[in-house]
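Asker: Provided herewith is a single structure, encoded as structure tokens, for subsequent inquiry.
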Amino acid sequence: MERVPVLKIGDILLVSIQIDMSDQTAVTLQEDLAERIVATGAHGVIIDITALDIVDSFVGRMLSTIASISKVLDAETVVVGMRPAVAITLVELGLSLNGIRTALNVERGMELIAATREDDLGVDEAEGAESGSAATSA
Amino acid sequence: MTAGVDLGPKAQAIGSDEDVVRVRQLVRTVAVAVKLSLVDQTKLVTAASELARNTLIYGGGGNAEVSVVDDGRRRGVRIVFADSGPGIPDLDLALTDGYTTGGGLGLGLSGARRLVDEFDIQTTVGEGTRITVTKWSR
Amino acid sequence: MALTIEESGRLAGLLAEHAERVVQRWTEVVAASLRGRLSQAELRLQVQELHRSMIEVGAEGLTDVQSERAAEVRAVLAELSRGRARQGFSATETAISIYALKDVLAELADSGDVELRDVIAFNALIDQMGLFTFETYVQTREGLIADQAEQLLELSTPVVKIWDGVVAVPLVGTLDSARAQVVMERLLQTLVDTGSPYAIIDITGVPAVDTQVAQHILKTVVAARLMGADCIISGIRPQIAQTIVALGIEFGDIATKASLADALRHVLRLTGVETARRHARREA
């Protein structure tokens, strides 16, 4: 069975799904991520699905579960790079991906995580003042 | 006729996780050969993924047959999923959004039906289920 | 089957034997029906081509227009028919180019060059040929209409970038299901291409909104959200607002603004709040 690699960049875990995952691969990724979040103390998870040409209900559920698990472990999950055709299909399928935050690309996803952290940590954080913040609390 | 692409019917057994991936890939190849639009390809492959998984989980495995159809005006892709599993006792209920017996999201059947142009299901308790879906090019 | 092998052979023989007279009369009858809108020379070439293919295939057995052997005849008929359709001739004017051969055969019968029984059989084949022409004609016209509809679609759905990170689609005219779908796909693709997290859908130019159109707009907004972008709908006219409420369509938490300008201001404020806050922090 193939495995999806999990990369660590700063305090963010980056998962770029490049293969057509079998259900088992998806479940394994979910488990791997939970372990890596705890092991690395990461505060953010970015799942890049640019290369996925479909997202069915199983993968959709996996994404939701990852978001929920990471929230419990104090990490923010952002799904990035969803293709238009995939988004249209998900709407038609009736899958709303509730509770999942999304961004157009990896860069915007990182901004979103940084902004959320900053809001959580308050104005004293020197790093936060530099990187800017989206109005996520609004 | 598309040169170099064999458009005859193709069968794929569904007996494992990996077979669900193979069904997706087979359906995509045929959908591309018939020149479905990108969104329609995505919808059809997503529907096939849901139905192949159903065949595996609820039908205890079976097979999928993918063929090219032509109604004189346009071409399309037809997929037949057949299993010899327990069948579906209450079809109306099974086609309701959110109804599930397998721990999924309950969007497999109802969602797949919304993603295709034609959807036909025949099921006999104790004998099995046969689902035929068709997507036409526009 | 229209003709027997023997009849087909006799037809080929007849056409070959009286070649000059048949082509001449056939061209004249067609020319009269088209009232000079195609030159005699051009018509003559078309008739000659058809005449030649009928003799060639006829000698081997032109029993049925749909048969495999008749491919050559079908090709010539299709070409003629497509040409007529593109040049704007009517279906009748197209079919007459084939049916004119009946007149010629009748004249040959009058002069005793062909038996009446054969003429009746040949006419059945000519009817088949006419029908085939008619079908090709309709197909060509349908193709033309489809092409034009597509061109219209292209013309009528621009997606423009109006600010850094903001794209807008000004919708003008009636939105049917097909067009709504094109707009939806194009808007979402532009969001990806330009990396814009905001989209404004302006419906000032849309005369009416029914449930289906509203559904399409709602789906677009939801799809954009799944991709990580926000949509604002602007230019909702009073009547449309009334329809939306009367139809019981829920726009939920989707931002709606009176005009495109308001929508842009709204987006800029979203990003503006961000800058203001940052400044406040720097000062602190």
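Quick note on naming: the chains in the structure tokens go A, B, ... in the order shown, residues restart at 1 in each chain, and ligands are numbered from 1 in order of appearance.
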For the interface of segment 7-54 of chain B with segment 92-102 of chain A (cut-off 12 Å, counting only C-alpha atoms), please tabulate each contacting residue of segment 7-54 of chain B alongside its nearest pair of atoms and their separation in Å to one decimal, rows sorted by chain and increasing number, as a Markdown table.
Answerer:
```
| residue | atom | partner | partner_atom | distance |
| --- | --- | --- | --- | --- |
| B:Val39 | CA | A:Glu92 | CA | 11.1 |
| B:Asp40 | CA | A:Glu92 | CA | 11.4 |
| B:Thr42 | CA | A:Glu92 | CA | 11.2 |
| B:Lys43 | CA | A:Glu92 | CA | 8.5 |
| B:Leu44 | CA | A:Leu93 | CA | 11.1 |
| B:Thr46 | CA | A:Leu93 | CA | 8.7 |
| B:Ala47 | CA | A:Leu93 | CA | 8.5 |
| B:Glu50 | CA | A:Leu93 | CA | 10.2 |
```
Asker: Residues of chain A no more than 6 Å from chain C, counting only C-alpha atoms: send them over as a list of chain:residue names.
Answerer: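 Matching residues, ligands excluded from the count: A:Met82, A:Pro84, A:Ala87, A:Ile88, A:Thr102, A:Ala103, A:Leu104.
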Asker: Measuring between only C-alpha atoms, which one of C:Ile5, C:Ile203, C:Ala59, C:Ala168 shows the shortest distance to Asp230 of chain C?
Answerer: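 Result for the nearest residue to Asp230 of chain C: C:Ala168.
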Asker: Quick check: residues of chain B within 12 Å of chain C, only C-alpha atoms, returned as a list of chain:residue names.
Answerer: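 So the residues of chain B near chain C are B:Ser37, B:Leu38, B:Val39, B:Asp40, B:Gly72, B:Arg73, B:Arg138.
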Asker: Considering only C-alpha atoms, extract the chain B residues located within 10 Å of chain A and return them as a VMD selection string.
Answerer: chain B and resid 16 to 22 24 to 25 28 37 to 50 53 97 to 98 104 to 115
Asker: Output N, CA and C atoms of each residue in that selection to a file, as a compact mmCIF listing (two decimals), in the first residue's frame.
Answerer:
```
# COMPACT_ATOMS: atom_id res chain seq x y z
N SER B 16 -11.45 -5.55 -3.55
CA SER B 16 -10.62 -4.93 -2.50
C SER B 16 -10.61 -3.43 -2.68
N ASP B 17 -10.03 -2.77 -1.69
CA ASP B 17 -9.81 -1.33 -1.73
C ASP B 17 -9.16 -0.85 -3.02
N GLU B 18 -8.10 -1.58 -3.40
CA GLU B 18 -7.35 -1.18 -4.59
C GLU B 18 -8.20 -1.28 -5.85
N ASP B 19 -9.16 -2.23 -5.84
CA ASP B 19 -10.03 -2.37 -7.00
C ASP B 19 -10.92 -1.14 -7.18
N VAL B 20 -11.29 -0.51 -6.06
CA VAL B 20 -12.11 0.71 -6.15
C VAL B 20 -11.30 1.80 -6.88
N VAL B 21 -10.01 1.87 -6.56
CA VAL B 21 -9.12 2.81 -7.24
C VAL B 21 -9.06 2.47 -8.73
N ARG B 22 -8.96 1.16 -9.04
CA ARG B 22 -8.88 0.74 -10.45
C ARG B 22 -10.16 1.10 -11.20
N ARG B 24 -12.10 3.62 -10.60
CA ARG B 24 -12.02 5.07 -10.86
C ARG B 24 -11.16 5.36 -12.07
N GLN B 25 -10.00 4.71 -12.12
CA GLN B 25 -9.07 4.99 -13.22
C GLN B 25 -9.63 4.53 -14.56
N ARG B 28 -12.32 6.92 -15.63
CA ARG B 28 -11.74 8.18 -16.11
C ARG B 28 -11.22 8.04 -17.54
N SER B 37 -16.97 16.62 -20.60
CA SER B 37 -16.32 17.84 -20.08
C SER B 37 -15.63 17.50 -18.76
N LEU B 38 -14.70 18.34 -18.36
CA LEU B 38 -13.94 18.07 -17.13
C LEU B 38 -14.85 17.89 -15.93
N VAL B 39 -15.86 18.76 -15.82
CA VAL B 39 -16.78 18.67 -14.69
C VAL B 39 -17.57 17.36 -14.75
N ASP B 40 -18.02 17.00 -15.96
CA ASP B 40 -18.77 15.75 -16.10
C ASP B 40 -17.90 14.53 -15.81
N GLN B 41 -16.65 14.58 -16.25
CA GLN B 41 -15.71 13.49 -15.92
C GLN B 41 -15.62 13.34 -14.41
N THR B 42 -15.42 14.48 -13.75
CA THR B 42 -15.24 14.47 -12.29
C THR B 42 -16.49 13.91 -11.61
N LYS B 43 -17.67 14.35 -12.09
CA LYS B 43 -18.91 13.86 -11.49
C LYS B 43 -19.05 12.35 -11.67
N LEU B 44 -18.75 11.89 -12.89
CA LEU B 44 -18.92 10.45 -13.18
C LEU B 44 -17.94 9.61 -12.37
N VAL B 45 -16.68 10.04 -12.32
CA VAL B 45 -15.68 9.27 -11.58
C VAL B 45 -16.03 9.25 -10.08
N THR B 46 -16.52 10.38 -9.58
CA THR B 46 -16.91 10.44 -8.17
C THR B 46 -18.07 9.47 -7.90
N ALA B 47 -19.07 9.49 -8.80
CA ALA B 47 -20.22 8.58 -8.64
C ALA B 47 -19.73 7.13 -8.68
N ALA B 48 -18.82 6.84 -9.63
CA ALA B 48 -18.31 5.47 -9.76
C ALA B 48 -17.58 5.05 -8.49
N SER B 49 -16.85 5.99 -7.90
CA SER B 49 -16.11 5.69 -6.67
C SER B 49 -17.08 5.32 -5.55
N GLU B 50 -18.16 6.10 -5.42
CA GLU B 50 -19.15 5.82 -4.37
C GLU B 50 -19.79 4.45 -4.58
N ARG B 53 -17.47 1.45 -4.06
CA ARG B 53 -17.27 1.22 -2.63
C ARG B 53 -18.49 0.52 -2.04
N ASP B 97 -30.88 10.89 1.50
CA ASP B 97 -29.64 11.54 1.97
C ASP B 97 -29.43 11.26 3.45
N GLY B 98 -28.23 10.86 3.80
CA GLY B 98 -27.89 10.75 5.21
C GLY B 98 -28.23 9.39 5.81
N GLY B 104 -20.95 5.17 6.98
CA GLY B 104 -20.48 6.24 6.10
C GLY B 104 -21.33 7.49 6.29
N LEU B 105 -21.27 8.38 5.32
CA LEU B 105 -22.03 9.63 5.42
C LEU B 105 -23.44 9.48 4.87
N GLY B 106 -23.73 8.32 4.29
CA GLY B 106 -25.06 8.12 3.74
C GLY B 106 -25.30 8.92 2.48
N LEU B 107 -24.22 9.24 1.76
CA LEU B 107 -24.38 10.02 0.53
C LEU B 107 -24.07 9.19 -0.70
N GLY B 108 -23.63 7.93 -0.48
CA GLY B 108 -23.19 7.09 -1.59
C GLY B 108 -24.22 6.97 -2.70
N LEU B 109 -25.36 6.33 -2.38
CA LEU B 109 -26.39 6.09 -3.40
C LEU B 109 -27.07 7.38 -3.84
N SER B 110 -27.56 8.14 -2.87
CA SER B 110 -28.33 9.34 -3.21
C SER B 110 -27.44 10.37 -3.91
N GLY B 111 -26.21 10.50 -3.43
CA GLY B 111 -25.29 11.46 -4.04
C GLY B 111 -24.91 11.03 -5.45
N ALA B 112 -24.61 9.75 -5.61
CA ALA B 112 -24.21 9.24 -6.93
C ALA B 112 -25.33 9.47 -7.93
N ARG B 113 -26.58 9.30 -7.48
CA ARG B 113 -27.70 9.49 -8.38
C ARG B 113 -27.75 10.93 -8.91
N ARG B 114 -27.41 11.89 -8.04
CA ARG B 114 -27.43 13.29 -8.48
C ARG B 114 -26.30 13.62 -9.46
N LEU B 115 -25.25 12.80 -9.45
CA LEU B 115 -24.08 13.11 -10.28
C LEU B 115 -24.16 12.57 -11.69
```
Asker: Tell me, in Å to one decimal, how far atom CA of Met110 of chain A is from atom CA of Glu76 of chain A.
Answerer: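 Going from atom CA of Met110 of chain A over to atom CA of Glu76 of chain A, I get 10.3 Å.
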Asker: Residues of chain A in strand (DSSP E) according to DSSP, as a list in words?
Answerer: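 So, restricting chain A to strand (DSSP E), we get Val6, Leu7, Lys8, Ile9, Ile12, Leu13, Leu14, Val15, Ser16, Gly44, Val45, Ile46, Ile47, Asp48, Glu76, Thr77, Val78, Val79, Val80, Arg101, Thr102 and Ala103 of chain A.
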Asker: Would you mind exporting N, CA and C atoms of the selected residues as an mmCIF file, in the first residue's frame?
Answerer:
```
data_model
loop_
_atom_site.group_PDB
_atom_site.id
_atom_site.type_symbol
_atom_site.label_atom_id
_atom_site.label_comp_id
_atom_site.auth_asym_id
_atom_site.auth_seq_id
_atom_site.Cartn_x
_atom_site.Cartn_y
_atom_site.Cartn_z
ATOM 1 N N VAL A 6 4.165 13.066 5.091
ATOM 2 C CA VAL A 6 3.799 14.246 5.887
ATOM 3 C C VAL A 6 5.072 15.054 6.136
ATOM 4 N N LEU A 7 5.123 16.295 5.637
ATOM 5 C CA LEU A 7 6.314 17.129 5.805
ATOM 6 C C LEU A 7 6.117 18.128 6.934
ATOM 7 N N LYS A 8 7.207 18.462 7.621
ATOM 8 C CA LYS A 8 7.102 19.462 8.680
ATOM 9 C C LYS A 8 7.833 20.721 8.235
ATOM 10 N N ILE A 9 7.119 21.844 8.224
ATOM 11 C CA ILE A 9 7.739 23.127 7.865
ATOM 12 C C ILE A 9 7.440 24.086 9.003
ATOM 13 N N ILE A 12 4.248 23.850 11.125
ATOM 14 C CA ILE A 12 3.117 23.420 10.309
ATOM 15 C C ILE A 12 3.436 22.080 9.656
ATOM 16 N N LEU A 13 2.448 21.200 9.617
ATOM 17 C CA LEU A 13 2.616 19.943 8.885
ATOM 18 C C LEU A 13 1.974 20.106 7.518
ATOM 19 N N LEU A 14 2.728 19.749 6.486
ATOM 20 C CA LEU A 14 2.205 19.884 5.127
ATOM 21 C C LEU A 14 2.020 18.504 4.505
ATOM 22 N N VAL A 15 0.801 18.251 4.076
ATOM 23 C CA VAL A 15 0.492 16.983 3.420
ATOM 24 C C VAL A 15 0.055 17.295 2.001
ATOM 25 N N SER A 16 0.823 16.819 1.040
ATOM 26 C CA SER A 16 0.432 17.044 -0.346
ATOM 27 C C SER A 16 0.042 15.690 -0.944
ATOM 28 N N GLY A 44 -0.393 23.707 13.088
ATOM 29 C CA GLY A 44 -1.201 23.824 11.881
ATOM 30 C C GLY A 44 -0.985 22.638 10.961
ATOM 31 N N VAL A 45 -2.034 22.277 10.219
ATOM 32 C CA VAL A 45 -1.924 21.209 9.225
ATOM 33 C C VAL A 45 -2.477 21.746 7.919
ATOM 34 N N ILE A 46 -1.664 21.635 6.870
ATOM 35 C CA ILE A 46 -2.168 22.036 5.561
ATOM 36 C C ILE A 46 -2.258 20.798 4.686
ATOM 37 N N ILE A 47 -3.452 20.540 4.185
ATOM 38 C CA ILE A 47 -3.628 19.394 3.291
ATOM 39 C C ILE A 47 -3.831 19.933 1.887
ATOM 40 N N ASP A 48 -2.859 19.675 1.036
ATOM 41 C CA ASP A 48 -2.909 20.195 -0.331
ATOM 42 C C ASP A 48 -3.518 19.142 -1.249
ATOM 43 N N GLU A 76 -4.643 23.737 13.831
ATOM 44 C CA GLU A 76 -5.658 24.199 12.882
ATOM 45 C C GLU A 76 -5.431 23.506 11.533
ATOM 46 N N THR A 77 -6.489 22.936 10.939
ATOM 47 C CA THR A 77 -6.333 22.282 9.637
ATOM 48 C C THR A 77 -6.929 23.146 8.530
ATOM 49 N N VAL A 78 -6.176 23.309 7.469
ATOM 50 C CA VAL A 78 -6.695 24.027 6.306
ATOM 51 C C VAL A 78 -6.511 23.132 5.075
ATOM 52 N N VAL A 79 -7.584 22.948 4.331
ATOM 53 C CA VAL A 79 -7.515 22.179 3.093
ATOM 54 C C VAL A 79 -7.317 23.164 1.950
ATOM 55 N N VAL A 80 -6.294 22.981 1.146
ATOM 56 C CA VAL A 80 -6.019 23.962 0.086
ATOM 57 C C VAL A 80 -5.975 23.319 -1.301
ATOM 58 N N ARG A 101 -11.686 24.297 7.233
ATOM 59 C CA ARG A 101 -11.331 25.603 6.673
ATOM 60 C C ARG A 101 -10.600 25.352 5.362
ATOM 61 N N THR A 102 -10.832 26.250 4.393
ATOM 62 C CA THR A 102 -10.218 26.045 3.081
ATOM 63 C C THR A 102 -9.514 27.313 2.617
ATOM 64 N N ALA A 103 -8.548 27.142 1.729
ATOM 65 C CA ALA A 103 -7.876 28.283 1.115
ATOM 66 C C ALA A 103 -7.523 27.891 -0.313
#
```
Asker: For segment 59-65 of chain B, list every protein, DNA or RNA residue within 6 Å, evaluated using only C-alpha atoms, and leave out those in the same chain fewer than 4 positions away; present the list as a list in words.
Answerer: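 Selected residues are Lys10, Ala11, Gln12, Ala13, Ile14, Gly15, Thr55, Ile79, Val80, Phe81, Ala82, Asp83 and Gly85 of chain B.
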Asker: Write the residues of the preceding selection, restricted to N, CA and C atoms, as a PDB file, in the first residue's frame.
Answerer:
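What follows is the written file again00.pdb:
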```
ATOM      1  N   LYS B  10     -15.414  -2.786 -20.900  1.00  0.00           N
ATOM      2  CA  LYS B  10     -14.300  -3.241 -20.069  1.00  0.00           C
ATOM      3  C   LYS B  10     -14.845  -3.593 -18.695  1.00  0.00           C
ATOM      4  N   ALA B  11     -14.335  -4.692 -18.147  1.00  0.00           N
ATOM      5  CA  ALA B  11     -14.822  -5.124 -16.844  1.00  0.00           C
ATOM      6  C   ALA B  11     -13.725  -5.022 -15.805  1.00  0.00           C
ATOM      7  N   GLN B  12     -14.123  -4.750 -14.580  1.00  0.00           N
ATOM      8  CA  GLN B  12     -13.170  -4.693 -13.477  1.00  0.00           C
ATOM      9  C   GLN B  12     -13.835  -5.351 -12.266  1.00  0.00           C
ATOM     10  N   ALA B  13     -13.142  -6.361 -11.729  1.00  0.00           N
ATOM     11  CA  ALA B  13     -13.672  -7.003 -10.527  1.00  0.00           C
ATOM     12  C   ALA B  13     -13.496  -6.054  -9.343  1.00  0.00           C
ATOM     13  N   ILE B  14     -14.436  -6.101  -8.410  1.00  0.00           N
ATOM     14  CA  ILE B  14     -14.314  -5.278  -7.200  1.00  0.00           C
ATOM     15  C   ILE B  14     -14.236  -6.214  -6.005  1.00  0.00           C
ATOM     16  N   GLY B  15     -13.010  -6.415  -5.519  1.00  0.00           N
ATOM     17  CA  GLY B  15     -12.838  -7.331  -4.401  1.00  0.00           C
ATOM     18  C   GLY B  15     -12.016  -6.733  -3.280  1.00  0.00           C
ATOM     19  N   THR B  55     -20.513  -1.467  -3.628  1.00  0.00           N
ATOM     20  CA  THR B  55     -20.466  -2.847  -4.096  1.00  0.00           C
ATOM     21  C   THR B  55     -19.535  -3.666  -3.203  1.00  0.00           C
ATOM     22  N   ILE B  79     -21.988   2.590 -16.830  1.00  0.00           N
ATOM     23  CA  ILE B  79     -21.305   1.675 -15.910  1.00  0.00           C
ATOM     24  C   ILE B  79     -22.358   0.828 -15.207  1.00  0.00           C
ATOM     25  N   VAL B  80     -22.101  -0.468 -15.185  1.00  0.00           N
ATOM     26  CA  VAL B  80     -22.995  -1.372 -14.468  1.00  0.00           C
ATOM     27  C   VAL B  80     -22.234  -1.966 -13.288  1.00  0.00           C
ATOM     28  N   PHE B  81     -22.780  -1.772 -12.084  1.00  0.00           N
ATOM     29  CA  PHE B  81     -22.187  -2.363 -10.881  1.00  0.00           C
ATOM     30  C   PHE B  81     -23.084  -3.524 -10.454  1.00  0.00           C
ATOM     31  N   ALA B  82     -22.496  -4.703 -10.362  1.00  0.00           N
ATOM     32  CA  ALA B  82     -23.314  -5.852  -9.983  1.00  0.00           C
ATOM     33  C   ALA B  82     -22.667  -6.600  -8.828  1.00  0.00           C
ATOM     34  N   ASP B  83     -23.497  -7.019  -7.884  1.00  0.00           N
ATOM     35  CA  ASP B  83     -22.980  -7.864  -6.805  1.00  0.00           C
ATOM     36  C   ASP B  83     -24.013  -8.936  -6.490  1.00  0.00           C
ATOM     37  N   GLY B  85     -24.701  -9.794  -3.336  1.00  0.00           N
ATOM     38  CA  GLY B  85     -24.779  -9.606  -1.884  1.00  0.00           C
ATOM     39  C   GLY B  85     -26.199  -9.743  -1.366  1.00  0.00           C
TER      40      GLY B  85
END
```
Asker: Kindly indicate which residue among A:Ile19, A:Ala34, A:Ala51, A:Leu29 lies nearest to Asn105 of chain A, using only C-alpha atoms for the distances.
Answerer: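 When distances to Asn105 of chain A are compared using only C-alpha atoms, the smallest one comes from A:Ala51.
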Asker: Grab the atom CA of Val76 of chain C to atom CA of Glu49 of chain C distance for me, in Å with one decimal place.
Answerer: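 Atom CA of Val76 of chain C sits 7.2 Å away from atom CA of Glu49 of chain C.
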Asker: From the DSSP assignment of the backbone, select every residue of segment 58-275 of chain C that is alpha helix (DSSP H), and format the answer as a PyMOL selection string.
Answerer: chain C and resi 58-61+71-86+91-110+116-156+177-194+211-227+238-246+260-275
Asker: In Å, with one decimal, what is the gap from atom CA of Val27 of chain B to atom CA of Val66 of chain B?
Answerer: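 Interatomic distance, atom CA of Val27 of chain B to atom CA of Val66 of chain B: 6.7 Å.
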Asker: Which one of A:Ala26, A:Val4, A:Ala75, A:Val59 sits closest to Ala42 of chain A if you count only C-alpha atoms?
Answerer: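 Under the stated criterion, the closest residue is A:Ala75.
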Asker: Which residues come within 10 Å of Gly8 of chain B, counting only C-alpha atoms, excluding same-chain residues fewer than 4 positions away, as a ChimeraX atom specification?
Answerer: /B:30,66-69
